[in-house]
Amino acid sequence: MKPVRTCLLLLALGACTSTTAPPPVTTAPADTGAAWYQSAAQAGAKVYRIDSALSLITVTVRRGGALARFGHDHVVATRDVKGLVAPDAGRADFHFRLDAMSVDQPELRVAAGLDTQPSAEAIAGTRTNMLTRVLEAERFPLVMLRVERLPGAADKVRLEVTLHGVTRTAEVPVHIERGKTSISASGQLTLKQTDFGITPMSVMAGAMVVQDQMELKFKIVAGTAR
């Protein structure tokens, strides 16, 4: 059974291959929207900075197939979220580095409803495969997110996600709380790996697979920018 567990480990770790060759590496800086916020602030608009200590993004990836019981689902997460929010303009831009993401923190697995805990060795392997084989973090180090308020919708936004060199958009329900000098937004959505040019791995004629869907949850908190 050891070979099966080894194969499933690679699979449950998220090992997969790209459907197409990635574009050449670019040295151009990512568009974080900073210039837009600077202009907005100079025009008198409120601009808040995201508080990394209070913000959290988690992504749950689940196993599938007839032999799924031999592996683990996984939760990757980051608090290292950076960006700016203009609440009155209904816009937010934020990003995080893939190599700053944690894997399978026990408290986050519990929060995701997972009742097992992978070994330290499995977690290390998961992170290595995620950053190298799956996400190619050296080539695409950042995940970029842009949020825009939808006209006439107080509890829904347009979310633009750029991952692995591919950009996709979705309309996402959100819960927003405003303070005098702060704002927070929380919500969740489902994304597909294949939508970003990634093919989930399948071995042994589909007996072991990584499910295409990724469950993303977020809580973004921002306060007055200094």
# chains A, B, ... in the order shown; residues from 1 in each chain; ligands from 1

$ residues_around --residues "A:Leu142" --least-positions-apart "2" --cutoff "8 Å" --atoms "only C-alpha atoms" --output "list in words"
His95, Phe96, Arg97, Leu98, Ala137, Phe140, Met144 and Leu163 of chain A

$ select_by_dssp --residues "stretch 55-100 of chain A" --states "helix (DSSP H, G or I)" --output "list in words"
Ala68, Arg69, Phe70, Pro87, Asp88, Ala89, Leu98, Asp99 and Ala100 of chain A

$ write_last_selection --atoms "N, CA and C atoms" --output "PDB file, in the first residue's frame"
ATOM      1  N   ALA A  68      -9.587   8.281  -2.717  1.00  0.00           N
ATOM      2  CA  ALA A  68      -9.383   9.558  -2.040  1.00  0.00           C
ATOM      3  C   ALA A  68      -9.157   9.400  -0.543  1.00  0.00           C
ATOM      4  N   ARG A  69      -9.668   8.326   0.035  1.00  0.00           N
ATOM      5  CA  ARG A  69      -9.558   8.143   1.485  1.00  0.00           C
ATOM      6  C   ARG A  69      -8.115   7.999   1.947  1.00  0.00           C
ATOM      7  N   PHE A  70      -7.205   7.710   1.038  1.00  0.00           N
ATOM      8  CA  PHE A  70      -5.813   7.544   1.429  1.00  0.00           C
ATOM      9  C   PHE A  70      -5.052   8.871   1.518  1.00  0.00           C
ATOM     10  N   PRO A  87     -13.285  53.331  -0.217  1.00  0.00           N
ATOM     11  CA  PRO A  87     -14.656  52.869   0.037  1.00  0.00           C
ATOM     12  C   PRO A  87     -15.732  53.686  -0.663  1.00  0.00           C
ATOM     13  N   ASP A  88     -15.567  54.993  -0.715  1.00  0.00           N
ATOM     14  CA  ASP A  88     -16.597  55.818  -1.349  1.00  0.00           C
ATOM     15  C   ASP A  88     -16.633  55.616  -2.864  1.00  0.00           C
ATOM     16  N   ALA A  89     -15.494  55.258  -3.435  1.00  0.00           N
ATOM     17  CA  ALA A  89     -15.435  54.980  -4.872  1.00  0.00           C
ATOM     18  C   ALA A  89     -15.801  53.531  -5.185  1.00  0.00           C
ATOM     19  N   LEU A  98       2.660  34.314  -3.377  1.00  0.00           N
ATOM     20  CA  LEU A  98       2.395  32.893  -3.212  1.00  0.00           C
ATOM     21  C   LEU A  98       3.363  32.251  -2.222  1.00  0.00           C
ATOM     22  N   ASP A  99       4.623  32.710  -2.222  1.00  0.00           N
ATOM     23  CA  ASP A  99       5.594  32.077  -1.335  1.00  0.00           C
ATOM     24  C   ASP A  99       5.419  32.492   0.120  1.00  0.00           C
ATOM     25  N   ALA A 100       4.436  33.364   0.388  1.00  0.00           N
ATOM     26  CA  ALA A 100       4.126  33.735   1.767  1.00  0.00           C
ATOM     27  C   ALA A 100       2.955  32.925   2.321  1.00  0.00           C
TER      28      ALA A 100
END

$ closest_residue --among "A:Gly90, A:Pro173, A:Gly197, A:Pro106" --to "A:Arg149" --atoms "only C-alpha atoms"
A:Gly90

$ residues_around --residues "A:Ala40" --least-positions-apart "3" --cutoff "12 Å" --atoms "only C-alpha atoms" --output "PDB file with N, CA and C atoms, in the first residue's frame"
ATOM      1  N   GLY A  33      -2.428  49.327  -8.733  1.00  0.00           N
ATOM      2  CA  GLY A  33      -3.392  50.415  -8.650  1.00  0.00           C
ATOM      3  C   GLY A  33      -2.937  51.590  -7.811  1.00  0.00           C
ATOM      4  N   ALA A  34      -1.668  51.608  -7.374  1.00  0.00           N
ATOM      5  CA  ALA A  34      -1.191  52.638  -6.454  1.00  0.00           C
ATOM      6  C   ALA A  34      -1.360  54.037  -7.023  1.00  0.00           C
ATOM      7  N   ALA A  35      -1.099  54.207  -8.300  1.00  0.00           N
ATOM      8  CA  ALA A  35      -1.202  55.539  -8.914  1.00  0.00           C
ATOM      9  C   ALA A  35      -2.644  56.046  -8.849  1.00  0.00           C
ATOM     10  N   TRP A  36      -3.604  55.158  -9.089  1.00  0.00           N
ATOM     11  CA  TRP A  36      -5.014  55.565  -9.036  1.00  0.00           C
ATOM     12  C   TRP A  36      -5.375  56.044  -7.637  1.00  0.00           C
ATOM     13  N   TYR A  37      -4.925  55.322  -6.612  1.00  0.00           N
ATOM     14  CA  TYR A  37      -5.253  55.693  -5.230  1.00  0.00           C
ATOM     15  C   TYR A  37      -4.561  56.986  -4.828  1.00  0.00           C
ATOM     16  N   ALA A  43      -7.309  64.093  -4.582  1.00  0.00           N
ATOM     17  CA  ALA A  43      -8.584  64.734  -4.902  1.00  0.00           C
ATOM     18  C   ALA A  43      -9.516  64.788  -3.691  1.00  0.00           C
ATOM     19  N   GLY A  44      -9.066  64.271  -2.546  1.00  0.00           N
ATOM     20  CA  GLY A  44      -9.856  64.356  -1.331  1.00  0.00           C
ATOM     21  C   GLY A  44     -10.615  63.098  -0.961  1.00  0.00           C
ATOM     22  N   ALA A  45     -10.449  62.017  -1.709  1.00  0.00           N
ATOM     23  CA  ALA A  45     -11.161  60.773  -1.403  1.00  0.00           C
ATOM     24  C   ALA A  45     -10.501  60.049  -0.231  1.00  0.00           C
ATOM     25  N   LYS A  46     -11.320  59.330   0.539  1.00  0.00           N
ATOM     26  CA  LYS A  46     -10.780  58.494   1.602  1.00  0.00           C
ATOM     27  C   LYS A  46     -10.054  57.307   0.981  1.00  0.00           C
ATOM     28  N   VAL A  47      -8.860  57.051   1.463  1.00  0.00           N
ATOM     29  CA  VAL A  47      -8.106  55.885   1.018  1.00  0.00           C
ATOM     30  C   VAL A  47      -7.614  55.141   2.250  1.00  0.00           C
ATOM     31  N   TYR A  48      -7.962  53.862   2.346  1.00  0.00           N
ATOM     32  CA  TYR A  48      -7.568  53.038   3.471  1.00  0.00           C
ATOM     33  C   TYR A  48      -6.506  52.036   3.028  1.00  0.00           C
ATOM     34  N   LEU A  84      -4.858  48.633  -1.104  1.00  0.00           N
ATOM     35  CA  LEU A  84      -5.545  49.870  -0.754  1.00  0.00           C
ATOM     36  C   LEU A  84      -7.031  49.762  -1.082  1.00  0.00           C
ATOM     37  N   VAL A  85      -7.827  50.567  -0.356  1.00  0.00           N
ATOM     38  CA  VAL A  85      -9.278  50.573  -0.535  1.00  0.00           C
ATOM     39  C   VAL A  85      -9.762  52.019  -0.589  1.00  0.00           C
ATOM     40  N   ALA A  86     -10.613  52.314  -1.557  1.00  0.00           N
ATOM     41  CA  ALA A  86     -11.294  53.609  -1.621  1.00  0.00           C
ATOM     42  C   ALA A  86     -12.781  53.333  -1.446  1.00  0.00           C
ATOM     43  N   PRO A  87     -13.285  53.331  -0.217  1.00  0.00           N
ATOM     44  CA  PRO A  87     -14.656  52.869   0.037  1.00  0.00           C
ATOM     45  C   PRO A  87     -15.732  53.686  -0.663  1.00  0.00           C
ATOM     46  N   ASP A  88     -15.567  54.993  -0.715  1.00  0.00           N
ATOM     47  CA  ASP A  88     -16.597  55.818  -1.349  1.00  0.00           C
ATOM     48  C   ASP A  88     -16.633  55.616  -2.864  1.00  0.00           C
ATOM     49  N   ALA A  89     -15.494  55.258  -3.435  1.00  0.00           N
ATOM     50  CA  ALA A  89     -15.435  54.980  -4.872  1.00  0.00           C
ATOM     51  C   ALA A  89     -15.801  53.531  -5.185  1.00  0.00           C
ATOM     52  N   GLY A  90     -15.927  52.714  -4.138  1.00  0.00           N
ATOM     53  CA  GLY A  90     -16.295  51.317  -4.346  1.00  0.00           C
ATOM     54  C   GLY A  90     -15.223  50.502  -5.017  1.00  0.00           C
ATOM     55  N   ARG A  91     -13.962  50.743  -4.636  1.00  0.00           N
ATOM     56  CA  ARG A  91     -12.861  50.031  -5.279  1.00  0.00           C
ATOM     57  C   ARG A  91     -11.841  49.580  -4.246  1.00  0.00           C
TER      58      ARG A  91
END
